[in-house]
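A.B. asks: Just passing along the structure, written as structure tokens.
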Amino acid sequence: MSAGSVHRVSGPVLEVEGLEPGMLELVEIGEARLPGEVISLAGQYATVQVYAYTGGVRPGDAVVATGHPLRATLGPGLLGGVFDGMLRRLSGAPALLADGARLPTLDERREWSFTPTVEPGGRVEPGAVLGEVPETEAIAFRARVPHGVSGTLEWIAPAGSVTIEEPIARVAGVDVTLAERWPVRRPRPVAERLRADAPLSTGQRALDLFFPIARGGSAAVPGGFGTGKTVLLQQIAKWCDADVIVYVGCGERGNEMADVLEEMSRLEDPRTGRPLLDRTVLVANTSNMPVLAREASIYTGVTVAELYRDMGYETVLIADSTSRWAEALREVSSRTGELPAEEGYPAGLATALAAFYERAGRVRTLGGDDASVTILAAVSPPGGDMTEPVSAHTRRFVRCVWSLDPDLAYARHYPAVSWRDSSTRDAERVGEWHVARHEPGWAARRGRALRLLADADRLESIAQLVGATSLPDRERVTMLAGRLLREAVLQQSSLSANDAYCSAAKQEALLELALDLHDACAGVVERGVPIARIDELDLSPATRARDVAGPDDAAAVQAVAEQLRGEIWGLA
Ligand SMILES: Nc1ncnc2c1ncn2[C@@H]1O[C@H](COP(=O)(O)OP(=O)(O)O)[C@@H](O)[C@H]1O
Ligand SMILES: [Mg+2]
């Protein structure tokens, strides 16, 4: 370990002399051993970004190099926990998170009940499962041979209690423990990257039916302030069919993280009836924490997601919001004297975003499992400007864009997912996956509904100019279908007991309801029935069906469809 001293302090950035560290090496500053990371080296000076308050740090303070990069301690006990951006456990009420109230990542005294799953004697490679501990009731923590270790499994612990730092096995002379340290900026290795085609079910119709994401895909949720990004991502955290959720919160409002934690801790996992926290890891950055812990937090979060992926689980990383994360980058770049690029962001912004989204994917793990990390991230451009650098670069690197429309949010059409500005590159693969599952109609239904929505939008803008009554009946039927799709299918309130989550069967029933009623209306109009007669019918059961039918109750929706179809055809 080499030692040096602080030369200059500028907010979270220090200039250090007398130290010969490597790039991205972790250093510790002063008696408090504040953690910092070397971000540039020039002559006798190293520039260090500090992941803690630098109040009180002064020139001359000692700086010690640790010999390793910024890394996180990984092991059982992460699930259900709340951590800061460097994966230090946060304790106490979230609103009171002071810098002092930090514990090590994991409880080193806690006893875990270990069950070996292999016999000693054989040869093992990195990723091979050695045994497991029940981390929570929902998830077993599978202990594996760490990266870089292979050879004869000389010894394995018998079934019984272990702490995270006690050896559970010895491989070629190396002791293996449940705890492992991993440099968070480095992706955890996999055997093979696989093509992502199975959809992640989010339980949100606007996404699953229209802009689906594959497990292992990535999605950005761009939207101005108050358009519903946080609500949408939280709905997905609650309802999506992943095994493990890692939620990285960089709140925009002061108490937002406290609200998230409060809400998450109350929630039941709809699938197991157990607390949702049993399969959730929260990484919280509140506005009173050092800005740089935020910069580290998305890498820390994705590293934790990769850890559970490597055990064979389907994992989802949610980051809300990456714009707050990018501000941390900007803060640093303004202090280092580096020439800033677009709008004050460092020149490395695009590379940093690419490296982050690159870590999403469906893979074959070193242990041979098929597993995935899906990344979902909010982008909140200042003033809703979608051309600013973070939004523009993010679009290049993600597979799905779920764009939230301020006009829809203003009209209380929730979720305000725009059918015009959203897109997905996974639709074709998901369509093929549905075909393989004997649902060949999925892609056609989606295409038809999107075309109807676009046609209805176009007709509506014409109707605003010339009046709806001057449009031909056939076109007014299209407008009616657009309204049905928007109100009966796309709208989905997070507050509705029956509809906050929607099963695949109910999703399809609702979409079919809208399309069937369109067909019926078009059919009777073709037979000469004036549209005014259709307008006299009460079609409100169609728009109420989503709230009236339970989350799995496709039959109730089908009954409404049948009744209304009968009434419409009755006009002919
Ligand atoms: N799916 C939804 N269902 C019902 N209300 C919603 C929904 N999405 C957003 N809202 C409303 O919009 C408000 C702002 O949403 P929020 O997610 O905090 O916005 P953002 O994170 O984009 O700033 C919420 O407090 C809620 O009242
Ligand atoms: Mg928000």
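Just remember, in the structure tokens the first chain shown is A, the second B, etc., residues are 1-based per chain, and ligands are 1-based in the order shown.
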Select the residues contacting ligand 1 at a distance of at most 10 Å, based on only C-alpha atoms and all ligand atoms, then format the selection as a compact mmCIF listing (two decimals) with C-alpha atoms, in the first residue's frame.

C.D. replies:
```txt
# COMPACT_ATOMS: atom_id res chain seq x y z
CA GLN A 204 -49.03 -3.58 -17.62
CA VAL A 221 -38.70 5.31 -19.63
CA PRO A 222 -38.22 8.91 -20.72
CA GLY A 223 -40.71 11.43 -19.45
CA GLY A 224 -40.96 14.87 -17.94
CA PHE A 225 -41.58 15.56 -14.29
CA GLY A 226 -44.85 14.07 -13.03
CA THR A 227 -45.61 11.94 -16.11
CA GLY A 228 -45.62 8.74 -14.05
CA LYS A 229 -42.14 7.20 -14.45
CA THR A 230 -41.78 6.26 -10.81
CA VAL A 231 -45.29 4.85 -10.54
CA LEU A 232 -44.80 2.76 -13.70
CA LEU A 233 -41.43 1.36 -12.58
CA GLN A 234 -42.81 0.56 -9.15
CA GLN A 235 -45.75 -1.26 -10.69
CA GLY A 251 -35.06 10.26 -6.06
CA GLU A 252 -36.10 13.49 -7.66
CA ARG A 253 -38.15 14.57 -4.69
CA GLU A 256 -39.42 9.90 -2.55
CA ASP A 320 -34.97 5.68 -11.24
CA SER A 321 -33.67 8.02 -12.49
CA ALA A 378 -36.18 6.19 -16.07
CA VAL A 379 -34.79 9.19 -17.89
CA SER A 380 -36.04 12.56 -16.72
CA LEU A 404 -44.36 8.94 -21.31
CA ASP A 405 -46.46 11.67 -22.86
CA PRO A 406 -47.14 14.81 -20.78
CA ALA A 409 -50.58 12.41 -18.06
CA TYR A 410 -52.29 15.80 -17.99
CA ARG A 412 -55.03 11.54 -16.50
CA HIS A 413 -54.62 8.78 -19.07
CA TYR A 414 -52.39 6.45 -17.01
CA PRO A 415 -49.95 4.92 -17.59
CA ALA A 416 -49.10 7.77 -19.96
CA VAL A 417 -47.18 5.43 -22.29
CA GLN A 491 -55.55 2.87 -19.44
CA GLN A 492 -54.68 0.99 -16.29
CA SER A 493 -54.74 2.65 -12.90
CA SER A 494 -52.11 1.72 -10.37
CA LEU A 495 -54.75 2.40 -7.72
CA SER A 496 -57.34 -0.07 -9.01
CA ASP A 499 -56.52 -3.71 -12.49
CA ALA A 500 -53.19 -2.57 -11.02
```

A.B. asks: Skipping near chain neighbours, those fewer than 2 positions away, what residues fall within 12 Å of Arg546 (chain A) using only C-alpha atoms, listed as number ranges by chain?

C.D. replies: A: 204-205, 484-493, 496-503, 506-511, 513-514, 540-544, 548-558, 560-561

A.B. asks: Please save C-alpha atoms of the selected residues as a compact mmCIF listing (two decimals), in the first residue's frame.

C.D. replies:
```
# COMPACT_ATOMS: atom_id res chain seq x y z
CA GLN A 204 -49.03 -3.58 -17.62
CA ARG A 205 -51.12 -3.81 -20.80
CA LEU A 484 -62.08 1.92 -27.01
CA LEU A 485 -58.43 0.93 -27.30
CA ARG A 486 -57.34 3.91 -25.24
CA GLU A 487 -59.98 3.65 -22.55
CA ALA A 488 -60.70 -0.06 -22.35
CA VAL A 489 -57.21 -1.41 -23.00
CA LEU A 490 -54.40 1.11 -22.57
CA GLN A 491 -55.55 2.87 -19.44
CA GLN A 492 -54.68 0.99 -16.29
CA SER A 493 -54.74 2.65 -12.90
CA SER A 496 -57.34 -0.07 -9.01
CA ALA A 497 -57.64 -3.19 -6.86
CA ASN A 498 -58.70 -5.28 -9.85
CA ASP A 499 -56.52 -3.71 -12.49
CA ALA A 500 -53.19 -2.57 -11.02
CA TYR A 501 -51.91 -5.90 -12.31
CA CYS A 502 -53.38 -7.59 -15.40
CA SER A 503 -52.73 -11.24 -16.31
CA LYS A 506 -57.19 -10.71 -19.21
CA GLN A 507 -54.88 -8.54 -21.34
CA GLU A 508 -55.78 -10.51 -24.42
CA ALA A 509 -59.47 -10.58 -23.56
CA LEU A 510 -59.51 -6.78 -23.27
CA LEU A 511 -57.67 -6.28 -26.53
CA LEU A 513 -62.99 -6.92 -26.74
CA ALA A 514 -61.91 -3.63 -28.35
CA SER A 540 -69.53 1.98 -21.07
CA PRO A 541 -69.43 -1.66 -19.88
CA ALA A 542 -66.51 -2.05 -22.31
CA THR A 543 -64.46 0.70 -20.67
CA ARG A 544 -65.45 -0.45 -17.19
CA VAL A 548 -64.88 -4.77 -12.88
CA ALA A 549 -63.15 -8.00 -13.88
CA GLY A 550 -60.55 -9.40 -11.49
CA PRO A 551 -56.88 -9.46 -12.57
CA ASP A 552 -57.17 -13.02 -13.92
CA ASP A 553 -60.80 -12.91 -14.96
CA ALA A 554 -60.70 -13.11 -18.75
CA ALA A 555 -64.12 -14.77 -18.75
CA ALA A 556 -65.83 -11.71 -17.26
CA VAL A 557 -64.31 -9.56 -20.02
CA GLN A 558 -65.41 -12.05 -22.67
CA VAL A 560 -69.03 -8.16 -21.66
CA ALA A 561 -67.69 -8.49 -25.21
```

A.B. asks: Quick one: everything within 8 Å of region 19-25 of chain A, counting only C-alpha atoms, minus sequence neighbours fewer than 3 positions away in the same chain. Send it as a compact mmCIF listing (two decimals) with C-alpha atoms, in the first residue's frame.

C.D. replies:
```
# COMPACT_ATOMS: atom_id res chain seq x y z
CA SER A 2 1.39 3.38 -0.98
CA ALA A 3 0.58 6.54 1.00
CA GLY A 4 0.28 10.14 -0.10
CA SER A 5 -1.50 13.30 0.95
CA VAL A 16 -3.55 13.87 -4.24
CA GLU A 37 -11.64 6.38 -6.58
CA VAL A 38 -8.76 7.49 -8.81
CA ILE A 39 -10.23 8.97 -11.98
CA SER A 40 -7.18 10.57 -13.59
CA LEU A 41 -3.42 10.54 -13.25
CA GLN A 44 2.77 13.72 -9.60
CA TYR A 45 -0.96 14.26 -9.03
CA ALA A 46 -3.83 11.83 -8.98
CA VAL A 63 -4.33 9.20 1.53
CA VAL A 64 -3.78 5.45 1.36
CA ALA A 65 -4.11 3.31 -1.76
CA THR A 66 -5.92 -0.01 -1.21
CA GLY A 67 -4.54 -1.89 -4.21
CA HIS A 68 -7.97 -2.77 -5.59
CA PRO A 69 -10.79 -1.02 -7.44
CA LEU A 70 -14.13 0.03 -5.98
```

A.B. asks: For ligand 2, which of A:Leu450, A:Ala377, A:Leu471, A:Val466 is the closest residue, counting only C-alpha atoms and all ligand atoms?

C.D. replies: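 Using only C-alpha atoms and all ligand atoms, ligand 2 sits closest to A:Ala377.
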
A.B. asks: Please determine, counting only C-alpha atoms and all ligand atoms, which residue among A:Met257, A:Ile245, A:Leu207, A:Leu130 has the shortest atom-to-atom distance to ligand 2.

C.D. replies: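 Checking each candidate against ligand 2, we get A:Met257 as the closest.
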
A.B. asks: Which is closer to Val124 (chain A) than all the others in A:Val149, A:Ala352, A:Ala140, A:Ala52, using only C-alpha atoms?

C.D. replies: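 Distance minimum relative to Val124 (chain A) lands on A:Val149.
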
A.B. asks: Which is closer to ligand 2 than all the others in A:Leu537, A:Leu178, A:Val260, A:Ala347, using only C-alpha atoms and all ligand atoms?

C.D. replies: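 Among the listed residues, A:Val260 lies closest to ligand 2.
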
A.B. asks: Figure out the distance between CA of Gly122 (chain A) and CA of Glu154 (chain A), please, to one decimal in Å.

C.D. replies: 8.0 Å

A.B. asks: Please give the complete set of residues from region 509-551 of chain A that DSSP, run on the backbone, assigns to helix (DSSP H, G or I), formatted as a PyMOL selection string.

C.D. replies: chain A and resi 509-526+531-536+540-548

A.B. asks: Which residue is closest to Val304 (chain A)? Choose from A:Arg359, A:Arg565, A:Arg420, A:Arg335 and count only C-alpha atoms.

C.D. replies: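 Result for the nearest residue to Val304 (chain A): A:Arg359.
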
A.B. asks: Which distance in Å separates CA of Thr73 (chain A) and CA of Asp310 (chain A), to one decimal?

C.D. replies: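 Rounded to one decimal, the two atoms are 15.4 Å apart.
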
A.B. asks: For CA of Ala242 (chain A) and CA of Glu314 (chain A), quote the distance in Å rounded to one decimal.

C.D. replies: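 The value is 5.2 Å.
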
A.B. asks: Go through region 172-312 of chain A and collect every residue that DSSP, computed from the backbone, puts in strand (DSSP E); the answer should be as a list in words.

C.D. replies: Val174, Asp175, Val176, Thr177, Glu180, Arg181, Trp182, Pro183, Glu192, Arg193, Leu194, Ser218, Ala219, Ala220, Val221, Pro222, Val244, Ile245, Val246, Tyr247, Val248, Gly249, Cys250, Thr280, Val281, Leu282, Val283, Ala284 and Asn285 of chain A

A.B. asks: Can I get the selection written as a compact mmCIF listing (two decimals), in the first residue's frame, with C-alpha atoms?

C.D. replies:
```txt
# COMPACT_ATOMS: atom_id res chain seq x y z
CA VAL A 174 -8.21 -21.81 -1.85
CA ASP A 175 -10.86 -21.31 0.83
CA VAL A 176 -14.27 -20.40 -0.56
CA THR A 177 -16.72 -18.38 1.56
CA GLU A 180 -17.32 -12.52 -2.29
CA ARG A 181 -15.88 -9.16 -3.34
CA TRP A 182 -16.51 -7.91 -6.82
CA PRO A 183 -15.32 -4.72 -8.59
CA GLU A 192 -22.29 -17.39 -23.34
CA ARG A 193 -24.69 -14.63 -24.31
CA LEU A 194 -28.01 -16.00 -25.56
CA SER A 218 -33.35 -3.11 -21.71
CA ALA A 219 -35.86 -0.30 -21.63
CA ALA A 220 -35.73 3.41 -21.00
CA VAL A 221 -38.70 5.31 -19.63
CA PRO A 222 -38.22 8.91 -20.72
CA VAL A 244 -35.25 -11.01 -8.03
CA ILE A 245 -35.67 -7.24 -8.32
CA VAL A 246 -32.89 -4.75 -7.65
CA TYR A 247 -34.31 -1.26 -7.32
CA VAL A 248 -31.86 1.63 -7.52
CA GLY A 249 -33.53 4.85 -6.48
CA CYS A 250 -32.04 8.26 -7.14
CA THR A 280 -35.95 -7.33 -3.56
CA VAL A 281 -32.71 -5.44 -2.96
CA LEU A 282 -32.99 -1.69 -2.56
CA VAL A 283 -30.16 0.69 -3.33
CA ALA A 284 -31.18 4.11 -2.10
CA ASN A 285 -29.66 7.47 -2.85
```

A.B. asks: Using only C-alpha atoms and all ligand atoms, pick whichever of A:Gly30, A:Glu137, A:Asn255, A:Ala481 has the shortest atom-to-atom distance to ligand 2.

C.D. replies: A:Asn255

A.B. asks: Near Pro275 (chain A), within 12 Å and counting only C-alpha atoms, which residues show up once chain neighbours fewer than 3 positions away are dropped, as a ChimeraX atom specification?

C.D. replies: /A:79-80,136-138,238,263-272,278-280

A.B. asks: Give me, as an mmCIF file with C-alpha atoms, in the first residue's frame, all polymer residues having an atom no more than 8 Å from Arg110 (chain A), counting only C-alpha atoms and skipping those fewer than 3 positions away in the same chain.

C.D. replies:
```
data_model
loop_
_atom_site.group_PDB
_atom_site.id
_atom_site.type_symbol
_atom_site.label_atom_id
_atom_site.label_comp_id
_atom_site.auth_asym_id
_atom_site.auth_seq_id
_atom_site.Cartn_x
_atom_site.Cartn_y
_atom_site.Cartn_z
ATOM 1 C CA ASP A 107 -24.017 -9.060 8.837
ATOM 2 C CA THR A 163 -21.261 -17.213 8.707
ATOM 3 C CA ILE A 164 -20.451 -15.442 5.464
#
```

A.B. asks: Hey, what's within 12 Å of Val398 (chain A) if we count only C-alpha atoms and toss same-chain stuff fewer than 6 positions away? As a short mmCIF file (atom, residue, chain, number, x, y, z; two decimals) with C-alpha atoms, in the first residue's frame, please?

C.D. replies:
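Listing of part-v3.cif after writing:
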```
data_model
loop_
_atom_site.label_atom_id
_atom_site.label_comp_id
_atom_site.auth_asym_id
_atom_site.auth_seq_id
_atom_site.Cartn_x
_atom_site.Cartn_y
_atom_site.Cartn_z
CA ILE A 213 -39.62 -6.40 -23.54
CA ALA A 214 -37.74 -9.69 -23.64
CA GLY A 216 -32.60 -9.82 -20.79
CA GLY A 217 -33.68 -6.72 -22.71
CA SER A 218 -33.35 -3.11 -21.71
CA ALA A 219 -35.86 -0.30 -21.63
CA ALA A 220 -35.73 3.41 -21.00
CA VAL A 221 -38.70 5.31 -19.63
CA PRO A 222 -38.22 8.91 -20.72
CA LEU A 353 -24.28 4.61 -20.60
CA ALA A 354 -23.35 1.96 -23.17
CA ALA A 355 -21.34 0.02 -20.57
CA PHE A 356 -24.31 0.09 -18.21
CA TYR A 357 -26.97 -1.12 -20.69
CA GLU A 358 -24.51 -3.69 -22.09
CA ARG A 359 -24.85 -5.53 -18.80
CA ALA A 360 -28.45 -6.47 -19.59
CA GLY A 361 -28.83 -9.79 -21.35
CA THR A 374 -33.24 -7.00 -17.59
CA ILE A 375 -32.53 -3.28 -17.16
CA LEU A 376 -35.34 -0.72 -16.86
CA ALA A 377 -34.37 2.90 -16.38
CA ALA A 378 -36.18 6.19 -16.07
CA VAL A 379 -34.79 9.19 -17.89
CA SER A 391 -31.94 10.95 -23.42
CA ALA A 392 -30.34 10.93 -26.86
CA SER A 423 -40.89 1.59 -29.59
CA THR A 424 -39.49 -1.88 -29.03
CA ARG A 425 -36.95 -3.91 -30.92
CA ASP A 426 -38.11 -7.05 -29.09
#
```

A.B. asks: Neighbouring residues of Arg476 (chain A) were defined as those with any atom within 9 Å, considering only C-alpha atoms; residues of the same chain fewer than 5 positions away were excluded. Please report them as a list in words.

C.D. replies: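 Near neighbours after the sequence-gap exclusion: Ala456, Leu459, Ala468, Thr469, Leu471, Ala481 and Ile531 of chain A.
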
A.B. asks: Can you write just those residues out, N, CA and C atoms, as a tab-separated table (two decimals), in the first residue's frame?

C.D. replies:
```tsv
chain	number	residue	atom	x	y	z
A	456	ALA	N	-56.84	6.45	-35.84
A	456	ALA	CA	-57.78	7.23	-35.03
A	456	ALA	C	-57.17	8.59	-34.67
A	459	LEU	N	-57.41	10.79	-37.74
A	459	LEU	CA	-58.78	11.23	-37.98
A	459	LEU	C	-59.22	12.25	-36.94
A	468	ALA	N	-66.46	16.23	-36.31
A	468	ALA	CA	-66.53	14.78	-36.48
A	468	ALA	C	-67.69	14.37	-37.40
A	469	THR	N	-68.78	15.14	-37.34
A	469	THR	CA	-69.98	14.73	-38.08
A	469	THR	C	-69.78	14.81	-39.59
A	471	LEU	N	-67.22	13.65	-41.07
A	471	LEU	CA	-66.43	12.50	-41.54
A	471	LEU	C	-67.38	11.36	-41.91
A	481	ALA	N	-63.12	3.06	-32.37
A	481	ALA	CA	-62.22	1.96	-31.99
A	481	ALA	C	-61.00	2.52	-31.27
A	531	ILE	N	-74.16	5.63	-38.04
A	531	ILE	CA	-73.32	5.57	-36.83
A	531	ILE	C	-74.04	6.18	-35.63
```
